[in-house]
file target.cif (mmCIF, C-alpha atoms)
data_target
#
loop_
_atom_site.group_PDB
_atom_site.id
_atom_site.type_symbol
_atom_site.label_atom_id
_atom_site.label_comp_id
_atom_site.auth_asym_id
_atom_site.auth_seq_id
_atom_site.Cartn_x
_atom_site.Cartn_y
_atom_site.Cartn_z
ATOM 1 C CA MET U 150 -27.999 35.011 -20.827
ATOM 2 C CA ALA U 151 -26.406 31.579 -21.309
ATOM 3 C CA SER U 152 -22.776 31.178 -20.324
ATOM 4 C CA PRO U 153 -20.355 30.970 -23.253
ATOM 5 C CA LEU U 154 -19.157 27.532 -24.270
ATOM 6 C CA THR U 155 -15.622 26.763 -23.189
ATOM 7 C CA ALA U 156 -14.390 23.152 -23.236
ATOM 8 C CA GLY U 157 -16.676 20.225 -23.977
ATOM 9 C CA LEU U 158 -16.603 16.435 -24.050
ATOM 10 C CA GLY U 159 -18.086 13.746 -26.212
ATOM 11 C CA LEU U 160 -21.133 12.245 -24.500
ATOM 12 C CA LYS U 161 -20.779 8.491 -23.987
ATOM 13 C CA PRO U 162 -23.442 6.138 -22.566
ATOM 14 C CA GLN U 163 -20.968 4.920 -19.924
ATOM 15 C CA HIS U 164 -20.888 8.425 -18.463
ATOM 16 C CA TYR U 165 -24.527 9.548 -18.782
ATOM 17 C CA ASP U 166 -25.209 9.681 -15.042
ATOM 18 C CA GLU U 167 -22.003 11.562 -14.210
ATOM 19 C CA ALA U 168 -22.469 13.871 -17.185
ATOM 20 C CA LEU U 169 -25.957 14.794 -16.051
ATOM 21 C CA ARG U 170 -24.749 15.652 -12.541
ATOM 22 C CA CYS U 171 -21.642 17.569 -13.646
ATOM 23 C CA THR U 172 -21.705 21.326 -12.989
ATOM 24 C CA ALA U 173 -18.336 22.368 -14.471
ATOM 25 C CA PRO U 174 -18.625 25.945 -15.814
ATOM 26 C CA GLY U 175 -18.767 26.300 -19.578
ATOM 27 C CA LEU U 176 -19.146 22.539 -20.087
ATOM 28 C CA TRP U 177 -20.961 21.286 -23.177
ATOM 29 C CA TRP U 178 -21.475 17.897 -24.787
ATOM 30 C CA GLU U 179 -21.085 16.702 -28.344
ATOM 31 C CA VAL U 180 -22.817 13.678 -29.877
ATOM 32 C CA HIS U 181 -23.003 11.969 -33.249
ATOM 33 C CA PRO U 182 -26.573 12.662 -34.369
ATOM 34 C CA GLU U 183 -26.715 9.286 -36.136
ATOM 35 C CA ASN U 184 -27.050 7.700 -32.683
ATOM 36 C CA TYR U 185 -30.143 9.763 -31.834
ATOM 37 C CA LEU U 186 -32.264 9.751 -34.997
ATOM 38 C CA ALA U 187 -35.188 8.028 -33.307
ATOM 39 C CA ASP U 188 -38.677 9.129 -32.363
ATOM 40 C CA GLY U 189 -38.145 8.060 -28.759
ATOM 41 C CA GLY U 190 -36.441 5.556 -26.504
ATOM 42 C CA PRO U 191 -33.929 5.725 -23.656
ATOM 43 C CA ARG U 192 -30.979 7.113 -25.631
ATOM 44 C CA LEU U 193 -32.939 10.105 -26.889
ATOM 45 C CA ALA U 194 -34.431 10.624 -23.430
ATOM 46 C CA TRP U 195 -30.927 10.830 -21.970
ATOM 47 C CA LEU U 196 -29.862 13.350 -24.605
ATOM 48 C CA GLU U 197 -32.846 15.526 -23.796
ATOM 49 C CA ALA U 198 -32.049 15.263 -20.075
ATOM 50 C CA ILE U 199 -28.458 16.336 -20.744
ATOM 51 C CA ARG U 200 -29.716 19.157 -22.959
ATOM 52 C CA SER U 201 -31.850 20.442 -20.094
ATOM 53 C CA ARG U 202 -28.639 21.003 -18.097
ATOM 54 C CA HIS U 203 -25.958 21.748 -20.715
ATOM 55 C CA PRO U 204 -25.577 22.925 -24.308
ATOM 56 C CA VAL U 205 -25.051 20.169 -26.863
ATOM 57 C CA ALA U 206 -23.478 20.013 -30.326
ATOM 58 C CA LEU U 207 -24.202 17.608 -33.179
ATOM 59 C CA HIS U 208 -21.147 16.221 -34.988
ATOM 60 C CA GLY U 209 -22.223 14.231 -38.029
ATOM 61 C CA VAL U 210 -20.287 11.432 -39.699
ATOM 62 C CA SER U 211 -22.562 10.382 -42.560
ATOM 63 C CA LEU U 212 -23.678 13.406 -44.606
ATOM 64 C CA SER U 213 -20.980 12.462 -47.149
ATOM 65 C CA LEU U 214 -20.664 16.036 -48.387
ATOM 66 C CA ALA U 215 -17.794 15.196 -50.763
ATOM 67 C CA ALA U 216 -19.704 12.378 -52.474
ATOM 68 C CA ASP U 217 -20.656 12.629 -56.137
ATOM 69 C CA ALA U 218 -24.294 12.933 -55.093
ATOM 70 C CA PRO U 219 -26.453 15.238 -52.967
ATOM 71 C CA PRO U 220 -27.049 14.460 -49.283
ATOM 72 C CA ASP U 221 -29.726 11.884 -48.572
ATOM 73 C CA GLU U 222 -33.010 13.782 -48.238
ATOM 74 C CA ALA U 223 -34.498 11.413 -45.674
ATOM 75 C CA TYR U 224 -31.406 11.676 -43.486
ATOM 76 C CA LEU U 225 -31.395 15.460 -43.763
ATOM 77 C CA ALA U 226 -35.039 15.612 -42.699
ATOM 78 C CA ARG U 227 -34.340 13.457 -39.633
ATOM 79 C CA LEU U 228 -31.275 15.546 -38.773
ATOM 80 C CA ALA U 229 -33.330 18.723 -39.019
ATOM 81 C CA ALA U 230 -35.983 17.228 -36.733
ATOM 82 C CA LEU U 231 -33.340 16.320 -34.146
ATOM 83 C CA ALA U 232 -31.857 19.823 -34.371
ATOM 84 C CA ARG U 233 -35.272 21.358 -33.721
ATOM 85 C CA ARG U 234 -35.692 19.031 -30.761
ATOM 86 C CA VAL U 235 -32.389 19.702 -28.972
ATOM 87 C CA GLU U 236 -31.445 23.145 -30.395
ATOM 88 C CA PRO U 237 -27.714 22.398 -30.673
ATOM 89 C CA ALA U 238 -25.147 25.138 -30.208
ATOM 90 C CA ILE U 239 -23.190 23.850 -33.228
ATOM 91 C CA ILE U 240 -23.806 21.366 -36.044
ATOM 92 C CA SER U 241 -20.689 20.075 -37.798
ATOM 93 C CA GLU U 242 -19.649 17.601 -40.481
ATOM 94 C CA HIS U 243 -16.504 16.293 -42.157
ATOM 95 C CA LEU U 244 -14.869 17.281 -45.422
ATOM 96 C CA ALA U 245 -15.069 13.720 -46.729
ATOM 97 C CA TRP U 246 -17.324 11.167 -48.402
ATOM 98 C CA SER U 247 -18.706 7.873 -47.101
ATOM 99 C CA THR U 248 -21.482 6.780 -49.474
ATOM 100 C CA TRP U 249 -21.420 5.220 -52.937
ATOM 101 C CA ARG U 250 -24.502 4.219 -54.931
ATOM 102 C CA GLY U 251 -26.636 3.886 -51.820
ATOM 103 C CA GLN U 252 -24.028 2.034 -49.770
ATOM 104 C CA TYR U 253 -22.634 3.528 -46.559
ATOM 105 C CA LEU U 254 -18.933 2.876 -46.010
ATOM 106 C CA PRO U 255 -17.482 2.747 -42.457
ATOM 107 C CA ASP U 256 -14.932 5.510 -42.974
ATOM 108 C CA LEU U 257 -14.435 9.176 -43.855
ATOM 109 C CA LEU U 258 -12.744 8.971 -47.245
ATOM 110 C CA PRO U 259 -10.502 11.488 -49.069
ATOM 111 C CA PHE U 260 -10.940 13.027 -52.517
ATOM 112 C CA PRO U 261 -8.926 15.190 -54.960
ATOM 113 C CA ARG U 262 -9.611 18.873 -54.288
ATOM 114 C CA THR U 263 -10.546 19.766 -57.858
ATOM 115 C CA HIS U 264 -12.614 22.687 -59.127
ATOM 116 C CA ALA U 265 -15.434 20.234 -59.821
ATOM 117 C CA ALA U 266 -15.251 18.872 -56.259
ATOM 118 C CA LEU U 267 -15.377 22.401 -54.863
ATOM 119 C CA HIS U 268 -18.507 23.193 -56.872
ATOM 120 C CA ARG U 269 -20.171 19.916 -55.837
ATOM 121 C CA ILE U 270 -19.315 20.179 -52.132
ATOM 122 C CA ALA U 271 -20.365 23.821 -51.957
ATOM 123 C CA GLY U 272 -23.724 22.793 -53.392
ATOM 124 C CA ASN U 273 -24.080 19.977 -50.867
ATOM 125 C CA ILE U 274 -23.249 22.299 -47.980
ATOM 126 C CA ALA U 275 -25.717 24.889 -49.254
ATOM 127 C CA ARG U 276 -28.444 22.240 -49.537
ATOM 128 C CA THR U 277 -27.744 21.031 -46.004
ATOM 129 C CA GLN U 278 -27.814 24.539 -44.583
ATOM 130 C CA ASP U 279 -31.063 25.308 -46.402
ATOM 131 C CA VAL U 280 -32.731 22.306 -44.781
ATOM 132 C CA LEU U 281 -31.270 22.979 -41.327
ATOM 133 C CA GLN U 282 -31.872 26.733 -41.620
ATOM 134 C CA ARG U 283 -28.452 27.441 -40.118
ATOM 135 C CA PRO U 284 -24.751 27.283 -41.032
ATOM 136 C CA ILE U 285 -22.773 24.144 -40.348
ATOM 137 C CA ALA U 286 -19.095 23.813 -39.431
ATOM 138 C CA ILE U 287 -16.858 21.774 -41.772
ATOM 139 C CA GLU U 288 -13.961 19.780 -40.267
ATOM 140 C CA ASN U 289 -10.539 19.464 -41.862
ATOM 141 C CA PRO U 290 -9.787 15.777 -42.527
ATOM 142 C CA THR U 291 -7.031 13.435 -41.399
ATOM 143 C CA HIS U 292 -4.737 12.235 -44.188
ATOM 144 C CA TYR U 293 -2.841 8.966 -44.440
ATOM 145 C CA LEU U 294 -1.520 9.016 -48.011
ATOM 146 C CA HIS U 295 -0.799 11.389 -50.862
ATOM 147 C CA ILE U 296 -3.517 11.810 -53.493
ATOM 148 C CA ASP U 297 -2.768 13.267 -56.903
ATOM 149 C CA GLY U 298 -4.929 15.701 -58.821
ATOM 150 C CA HIS U 299 -5.447 18.571 -56.383
ATOM 151 C CA ASP U 300 -6.246 21.998 -57.840
ATOM 152 C CA TRP U 301 -6.466 23.628 -54.403
ATOM 153 C CA ALA U 302 -4.434 23.637 -51.211
ATOM 154 C CA GLU U 303 -6.646 22.348 -48.417
ATOM 155 C CA THR U 304 -6.639 25.614 -46.477
ATOM 156 C CA ASP U 305 -7.614 27.560 -49.623
ATOM 157 C CA PHE U 306 -10.306 24.983 -50.418
ATOM 158 C CA LEU U 307 -11.830 25.415 -46.965
ATOM 159 C CA ALA U 308 -11.634 29.204 -47.217
ATOM 160 C CA GLU U 309 -13.437 29.094 -50.560
ATOM 161 C CA LEU U 310 -16.190 26.896 -49.111
ATOM 162 C CA VAL U 311 -16.707 29.501 -46.388
ATOM 163 C CA LEU U 312 -16.837 32.262 -48.987
ATOM 164 C CA ARG U 313 -19.297 30.454 -51.262
ATOM 165 C CA THR U 314 -21.670 28.996 -48.666
ATOM 166 C CA GLY U 315 -21.377 31.003 -45.455
ATOM 167 C CA CYS U 316 -20.462 27.840 -43.550
ATOM 168 C CA THR U 317 -18.043 27.931 -40.637
ATOM 169 C CA LEU U 318 -15.114 25.621 -39.889
ATOM 170 C CA LEU U 319 -14.233 23.049 -37.269
ATOM 171 C CA LEU U 320 -10.456 23.023 -36.819
ATOM 172 C CA ASP U 321 -9.258 19.630 -35.602
ATOM 173 C CA VAL U 322 -5.740 20.286 -34.342
ATOM 174 C CA ASN U 323 -4.984 16.588 -33.911
ATOM 175 C CA ASN U 324 -5.923 16.009 -37.566
ATOM 176 C CA VAL U 325 -3.463 18.719 -38.581
ATOM 177 C CA TYR U 326 -0.665 17.173 -36.528
ATOM 178 C CA ILE U 327 -1.300 13.657 -37.848
ATOM 179 C CA SER U 328 -1.628 14.734 -41.482
ATOM 180 C CA ALA U 329 1.550 16.796 -41.292
ATOM 181 C CA ASN U 330 3.411 13.810 -39.872
ATOM 182 C CA ASN U 331 2.021 11.325 -42.391
ATOM 183 C CA LEU U 332 2.368 13.482 -45.512
ATOM 184 C CA GLY U 333 5.536 15.326 -44.527
ATOM 185 C CA PHE U 334 4.422 18.948 -44.363
ATOM 186 C CA SER U 335 4.661 21.574 -41.630
ATOM 187 C CA ALA U 336 1.751 21.642 -39.188
ATOM 188 C CA GLN U 337 2.694 25.190 -38.267
ATOM 189 C CA ALA U 338 2.661 26.346 -41.897
ATOM 190 C CA TYR U 339 -0.759 24.716 -42.374
ATOM 191 C CA LEU U 340 -2.164 26.553 -39.351
ATOM 192 C CA ASP U 341 -0.579 29.821 -40.515
ATOM 193 C CA ALA U 342 -2.565 29.469 -43.750
ATOM 194 C CA PHE U 343 -5.793 28.253 -42.132
ATOM 195 C CA PRO U 344 -8.801 30.631 -42.338
ATOM 196 C CA LEU U 345 -8.988 31.053 -38.576
ATOM 197 C CA HIS U 346 -11.546 33.846 -38.850
ATOM 198 C CA ALA U 347 -14.139 31.206 -39.789
ATOM 199 C CA VAL U 348 -13.426 28.702 -36.989
ATOM 200 C CA ALA U 349 -16.492 28.075 -34.807
ATOM 201 C CA GLU U 350 -15.178 25.019 -32.975
ATOM 202 C CA ILE U 351 -11.905 23.217 -32.272
ATOM 203 C CA HIS U 352 -11.323 19.507 -31.688
ATOM 204 C CA LEU U 353 -8.515 17.949 -29.691
ATOM 205 C CA ALA U 354 -7.898 14.209 -29.511
ATOM 206 C CA GLY U 355 -5.310 11.511 -28.938
ATOM 207 C CA HIS U 356 -3.665 9.276 -31.519
ATOM 208 C CA HIS U 357 -1.296 6.335 -31.729
ATOM 209 C CA ALA U 358 1.447 5.046 -33.982
ATOM 210 C CA ASP U 359 0.631 2.368 -36.544
ATOM 211 C CA PRO U 360 1.658 -1.084 -35.241
ATOM 212 C CA VAL U 361 3.562 -1.856 -38.467
ATOM 213 C CA HIS U 362 4.980 1.486 -39.589
ATOM 214 C CA GLY U 363 5.442 3.094 -36.187
ATOM 215 C CA ASN U 364 5.575 6.875 -35.947
ATOM 216 C CA ALA U 365 5.899 7.189 -39.730
ATOM 217 C CA LEU U 366 2.121 6.598 -39.826
ATOM 218 C CA LEU U 367 0.004 8.057 -37.044
ATOM 219 C CA ILE U 368 -3.612 6.937 -36.610
ATOM 220 C CA ASP U 369 -6.416 9.269 -35.550
ATOM 221 C CA SER U 370 -7.650 6.768 -32.990
ATOM 222 C CA HIS U 371 -9.288 8.960 -30.319
ATOM 223 C CA ASP U 372 -8.201 6.353 -27.771
ATOM 224 C CA ALA U 373 -5.425 8.119 -25.850
ATOM 225 C CA PRO U 374 -4.692 11.351 -24.003
ATOM 226 C CA ILE U 375 -3.912 14.391 -26.154
ATOM 227 C CA ALA U 376 -0.224 14.494 -27.103
ATOM 228 C CA PRO U 377 1.950 17.369 -25.804
ATOM 229 C CA ALA U 378 2.728 18.452 -29.377
ATOM 230 C CA VAL U 379 -1.000 18.800 -30.093
ATOM 231 C CA TRP U 380 -1.494 20.846 -26.932
ATOM 232 C CA ALA U 381 1.349 23.123 -28.071
ATOM 233 C CA LEU U 382 -0.264 23.675 -31.483
ATOM 234 C CA TYR U 383 -3.585 24.366 -29.786
ATOM 235 C CA GLU U 384 -2.073 27.038 -27.568
ATOM 236 C CA GLN U 385 -0.536 28.687 -30.638
ATOM 237 C CA VAL U 386 -3.948 28.757 -32.292
ATOM 238 C CA MET U 387 -5.528 30.222 -29.151
ATOM 239 C CA ALA U 388 -2.937 32.993 -29.164
ATOM 240 C CA ARG U 389 -4.211 34.037 -32.598
ATOM 241 C CA THR U 390 -7.943 33.427 -32.314
ATOM 242 C CA GLY U 391 -8.772 34.012 -28.699
ATOM 243 C CA PRO U 392 -11.142 31.545 -27.019
ATOM 244 C CA VAL U 393 -13.026 29.167 -29.342
ATOM 245 C CA PRO U 394 -15.310 26.359 -28.058
ATOM 246 C CA THR U 395 -13.085 23.311 -27.803
ATOM 247 C CA LEU U 396 -14.030 19.642 -27.642
ATOM 248 C CA ILE U 397 -11.984 16.793 -26.183
ATOM 249 C CA GLU U 398 -12.685 13.705 -28.329
ATOM 250 C CA ARG U 399 -12.348 10.277 -26.755
ATOM 251 C CA ASP U 400 -14.109 7.383 -28.478
ATOM 252 C CA ASP U 401 -12.220 4.276 -27.376
ATOM 253 C CA GLN U 402 -10.238 3.041 -24.371
ATOM 254 C CA LEU U 403 -12.436 5.301 -22.281
ATOM 255 C CA PRO U 404 -10.891 6.360 -18.963
ATOM 256 C CA THR U 405 -12.901 7.278 -15.904
ATOM 257 C CA PHE U 406 -15.159 10.288 -16.067
ATOM 258 C CA ASN U 407 -12.875 12.181 -13.672
ATOM 259 C CA GLU U 408 -9.866 11.572 -15.932
ATOM 260 C CA LEU U 409 -11.760 12.941 -18.912
ATOM 261 C CA LEU U 410 -12.869 15.904 -16.847
ATOM 262 C CA ALA U 411 -9.254 16.624 -15.870
ATOM 263 C CA GLU U 412 -8.192 16.717 -19.528
ATOM 264 C CA ARG U 413 -11.155 18.918 -20.283
ATOM 265 C CA GLU U 414 -10.072 21.227 -17.469
ATOM 266 C CA GLN U 415 -6.709 21.738 -19.192
ATOM 267 C CA ALA U 416 -8.501 23.045 -22.273
ATOM 268 C CA HIS U 417 -10.866 25.100 -20.111
ATOM 269 C CA ARG U 418 -7.885 26.822 -18.454
ATOM 270 C CA ALA U 419 -6.274 27.533 -21.829
ATOM 271 C CA LEU U 420 -9.502 29.132 -23.017
ATOM 272 C CA ALA U 421 -9.798 31.191 -19.840
ATOM 273 C CA HIS U 422 -6.331 32.648 -20.417
ATOM 274 C CA ALA U 423 -6.772 33.277 -24.154
ATOM 275 C CA GLN U 424 -7.226 36.922 -25.057
ATOM 276 C CA PRO U 425 -10.016 37.709 -27.530
ATOM 277 C CA ARG U 426 -8.545 38.917 -30.810
ATOM 278 C CA GLU U 427 -9.827 39.719 -34.231
ATOM 279 C CA VAL U 428 -8.350 37.597 -36.977
ATOM 280 C CA ALA U 429 -8.138 39.308 -40.333
ATOM 281 C CA CYS U 430 -10.055 37.586 -43.147
ATOM 282 C CA ARG U 431 -7.883 35.975 -45.765
#

call {"tool": "encode", "arguments": {"input": "target.cif", "output": "structure tokens"}}
result
Amino acid sequence: MASPLTAGLGLKPQHYDEALRCTAPGLWWEVHPENYLADGGPRLAWLEAIRSRHPVALHGVSLSLAADAPPDEAYLARLAALARRVEPAIISEHLAWSTWRGQYLPDLLPFPRTHAALHRIAGNIARTQDVLQRPIAIENPTHYLHIDGHDWAETDFLAELVLRTGCTLLLDVNNVYISANNLGFSAQAYLDAFPLHAVAEIHLAGHHADPVHGNALLIDSHDAPIAPAVWALYEQVMARTGPVPTLIERDDQLPTFNELLAEREQAHRALAHAQPREVACR
């Protein structure tokens, strides 16, 4: 029987050799599938080599589930082929949109959580899961400004998506902390209302203050160590959920592999000490 996933890291080309040799218990690797949608070549060969030693997860950034259009069929077919090839432990995507009339935009964009948006996104998730033949995990977004026109609180919106589609959730604790800071709500209250029973994966990452607005506007930069306040929120979540596979995201200003591994070890220890608990469905 395979060992349970504990703490994972994002797989970066700079660290392929060290990642392949690493034998840390419970380690897994997450990649953006968009970087591996090829029929061959060195990048895909490295992913398959890593997969022969460790579990992997696919974390998409371009399904555009909140767009006013269904997911691109050609992209979905390629994603399904990659999933069959590497048999990922988890496939996840963002609660956001990034396409408009055939154009891909370089960001994960917000939307008003209306009843119409809920119906549309639930349909897009269902279509994606039908093609992949498995549930996907939906990640809570990072927010930088207030948007009018919401019919649903975000936590209720996510819970309803789970109910309607059978998807799971990816709880990004750093996103919660940043959004609470930027929009002026309580991160703790948000987590108290979050449908933790549906969480299949957790993300932790670093952030930085905006160069103009300072700490009034935090940026989800993934280019720094995880902040102590984010670690504290994570430990509070662990106390309620028990151990959940947790990924350390680092996409820029990459430190040495050993530094990343040390931060991953902190999450691994937290998971080892977390007591399994049942979380009542909301």

call {"tool": "resolve_selection", "arguments": {"input": "target.cif", "expression": "the PyMOL selection byres ((chain U and resi 330-338) around 10)", "output": "list in words"}}
result
Thr291, His292, Tyr293, Leu294, His295, Val322, Asn323, Asn324, Val325, Tyr326, Ile327, Ser328, Ala329, Tyr339, Leu340, Asp341, Ala342, Phe343, Asn364, Ala365, Leu366, Leu367, Ile368, Val379, Leu382, Gln385 and Val386 of chain U

call {"tool": "residues_around", "arguments": {"input": "target.cif", "residues": "Glu197 of chain U", "least_positions_apart": "6", "cutoff": "12 Å", "atoms": "only C-alpha atoms", "output": "mmCIF file with C-alpha atoms, in the coordinates of the input"}}
result
data_model
loop_
_atom_site.group_PDB
_atom_site.id
_atom_site.type_symbol
_atom_site.label_atom_id
_atom_site.label_comp_id
_atom_site.auth_asym_id
_atom_site.auth_seq_id
_atom_site.Cartn_x
_atom_site.Cartn_y
_atom_site.Cartn_z
ATOM 1 C CA TYR U 165 -24.527 9.548 -18.782
ATOM 2 C CA LEU U 169 -25.957 14.794 -16.051
ATOM 3 C CA TRP U 178 -21.475 17.897 -24.787
ATOM 4 C CA VAL U 180 -22.817 13.678 -29.877
ATOM 5 C CA TYR U 185 -30.143 9.763 -31.834
ATOM 6 C CA GLY U 189 -38.145 8.060 -28.759
ATOM 7 C CA GLY U 190 -36.441 5.556 -26.504
ATOM 8 C CA PRO U 191 -33.929 5.725 -23.656
ATOM 9 C CA HIS U 203 -25.958 21.748 -20.715
ATOM 10 C CA PRO U 204 -25.577 22.925 -24.308
ATOM 11 C CA VAL U 205 -25.051 20.169 -26.863
ATOM 12 C CA LEU U 231 -33.340 16.320 -34.146
ATOM 13 C CA ALA U 232 -31.857 19.823 -34.371
ATOM 14 C CA ARG U 233 -35.272 21.358 -33.721
ATOM 15 C CA ARG U 234 -35.692 19.031 -30.761
ATOM 16 C CA VAL U 235 -32.389 19.702 -28.972
ATOM 17 C CA GLU U 236 -31.445 23.145 -30.395
ATOM 18 C CA PRO U 237 -27.714 22.398 -30.673
#

call {"tool": "closest_residue", "arguments": {"input": "target.cif", "among": "U:Ala421, U:Leu310, U:Ala275, U:Ala266", "to": "Glu288 of chain U", "atoms": "all atoms listed in the file"}}
result
U:Leu310

call {"tool": "resolve_selection", "arguments": {"input": "target.cif", "expression": "the PyMOL selection byres ((chain U and resi 311-314) around 8)", "output": "PyMOL selection string"}}
result
chain U and resi 271+274-275+307-310+315-318+347

call {"tool": "write_last_selection", "arguments": {"input": "target.cif", "atoms": "C-alpha atoms", "output": "PDB file, in the frame of the given file"}}
result
ATOM      1  CA  ALA U 271     -20.365  23.821 -51.957  1.00  0.00           C
ATOM      2  CA  ILE U 274     -23.249  22.299 -47.980  1.00  0.00           C
ATOM      3  CA  ALA U 275     -25.717  24.889 -49.254  1.00  0.00           C
ATOM      4  CA  LEU U 307     -11.830  25.415 -46.965  1.00  0.00           C
ATOM      5  CA  ALA U 308     -11.634  29.204 -47.217  1.00  0.00           C
ATOM      6  CA  GLU U 309     -13.437  29.094 -50.560  1.00  0.00           C
ATOM      7  CA  LEU U 310     -16.190  26.896 -49.111  1.00  0.00           C
ATOM      8  CA  GLY U 315     -21.377  31.003 -45.455  1.00  0.00           C
ATOM      9  CA  CYS U 316     -20.462  27.840 -43.550  1.00  0.00           C
ATOM     10  CA  THR U 317     -18.043  27.931 -40.637  1.00  0.00           C
ATOM     11  CA  LEU U 318     -15.114  25.621 -39.889  1.00  0.00           C
ATOM     12  CA  ALA U 347     -14.139  31.206 -39.789  1.00  0.00           C
TER      13      ALA U 347
END

call {"tool": "resolve_selection", "arguments": {"input": "target.cif", "expression": "the PyMOL selection byres ((chain U and resi 168) around 10)", "output": "list of chain:residue names"}}
result
U:Leu158, U:Leu160, U:Lys161, U:Pro162, U:Gln163, U:His164, U:Tyr165, U:Asp166, U:Glu167, U:Leu169, U:Arg170, U:Cys171, U:Thr172, U:Ala173, U:Leu176, U:Trp177, U:Trp178, U:Ile199, U:Arg202, U:His203, U:Phe406, U:Leu410

call {"tool": "atom_distance", "arguments": {"input": "target.cif", "atom1": "atom CA of Pro261 of chain U", "atom2": "atom CA of Val348 of chain U"}}
result
22.9 Å

call {"tool": "axis_aligned_box", "arguments": {"input": "target.cif", "around": "segment 312-321 of chain U", "padding_each_side": "4 Å", "output": "AutoDock Vina command-line options"}}
result
--center_x -15.5 --center_y 25.9 --center_z -43.4 --size_x 20.4 --size_y 20.6 --size_z 23.7

call {"tool": "closest_residue", "arguments": {"input": "target.cif", "among": "U:Arg276, U:Leu214, U:Tyr224, U:Gly175", "to": "Ala187 of chain U", "atoms": "only C-alpha atoms"}}
result
U:Tyr224

call {"tool": "atom_distance", "arguments": {"input": "target.cif", "atom1": "atom CA of Pro425 of chain U", "atom2": "atom CA of Gln282 of chain U"}}
result
28.2 Å

call {"tool": "atom_distance", "arguments": {"input": "target.cif", "atom1": "atom CA of Ala416 of chain U", "atom2": "atom CA of Ile397 of chain U"}}
result
8.2 Å

call {"tool": "residues_around", "arguments": {"input": "target.cif", "residues": "Ala423 of chain U", "least_positions_apart": "4", "cutoff": "9 Å", "atoms": "only C-alpha atoms", "output": "list in words"}}
result
Glu384, Met387, Ala388, Arg389, Thr390, Gly391, Pro392, Arg418 and Ala419 of chain U

call {"tool": "residues_around", "arguments": {"input": "target.cif", "residues": "Gly298 of chain U", "least_positions_apart": "5", "cutoff": "10 Å", "atoms": "all atoms listed in the file", "output": "short mmCIF file (atom, residue, chain, number, x, y, z; two decimals) with C-alpha atoms, keeping the file's coordinate frame"}}
result
data_model
loop_
_atom_site.label_atom_id
_atom_site.label_comp_id
_atom_site.auth_asym_id
_atom_site.auth_seq_id
_atom_site.Cartn_x
_atom_site.Cartn_y
_atom_site.Cartn_z
CA PHE U 260 -10.94 13.03 -52.52
CA PRO U 261 -8.93 15.19 -54.96
CA ARG U 262 -9.61 18.87 -54.29
CA THR U 263 -10.55 19.77 -57.86
#

call {"tool": "closest_residue", "arguments": {"input": "target.cif", "among": "U:Ser370, U:Thr155, U:Gln415, U:Asn289", "to": "Asp400 of chain U", "atoms": "all atoms listed in the file"}}
result
U:Ser370

call {"tool": "closest_residue", "arguments": {"input": "target.cif", "among": "U:Gln402, U:Asn273, U:Gln424, U:Thr395", "to": "Glu222 of chain U", "atoms": "only C-alpha atoms"}}
result
U:Asn273

call {"tool": "closest_residue", "arguments": {"input": "target.cif", "among": "U:Asp359, U:Glu183, U:Glu350, U:Asp297", "to": "Gly157 of chain U", "atoms": "all atoms listed in the file"}}
result
U:Glu350
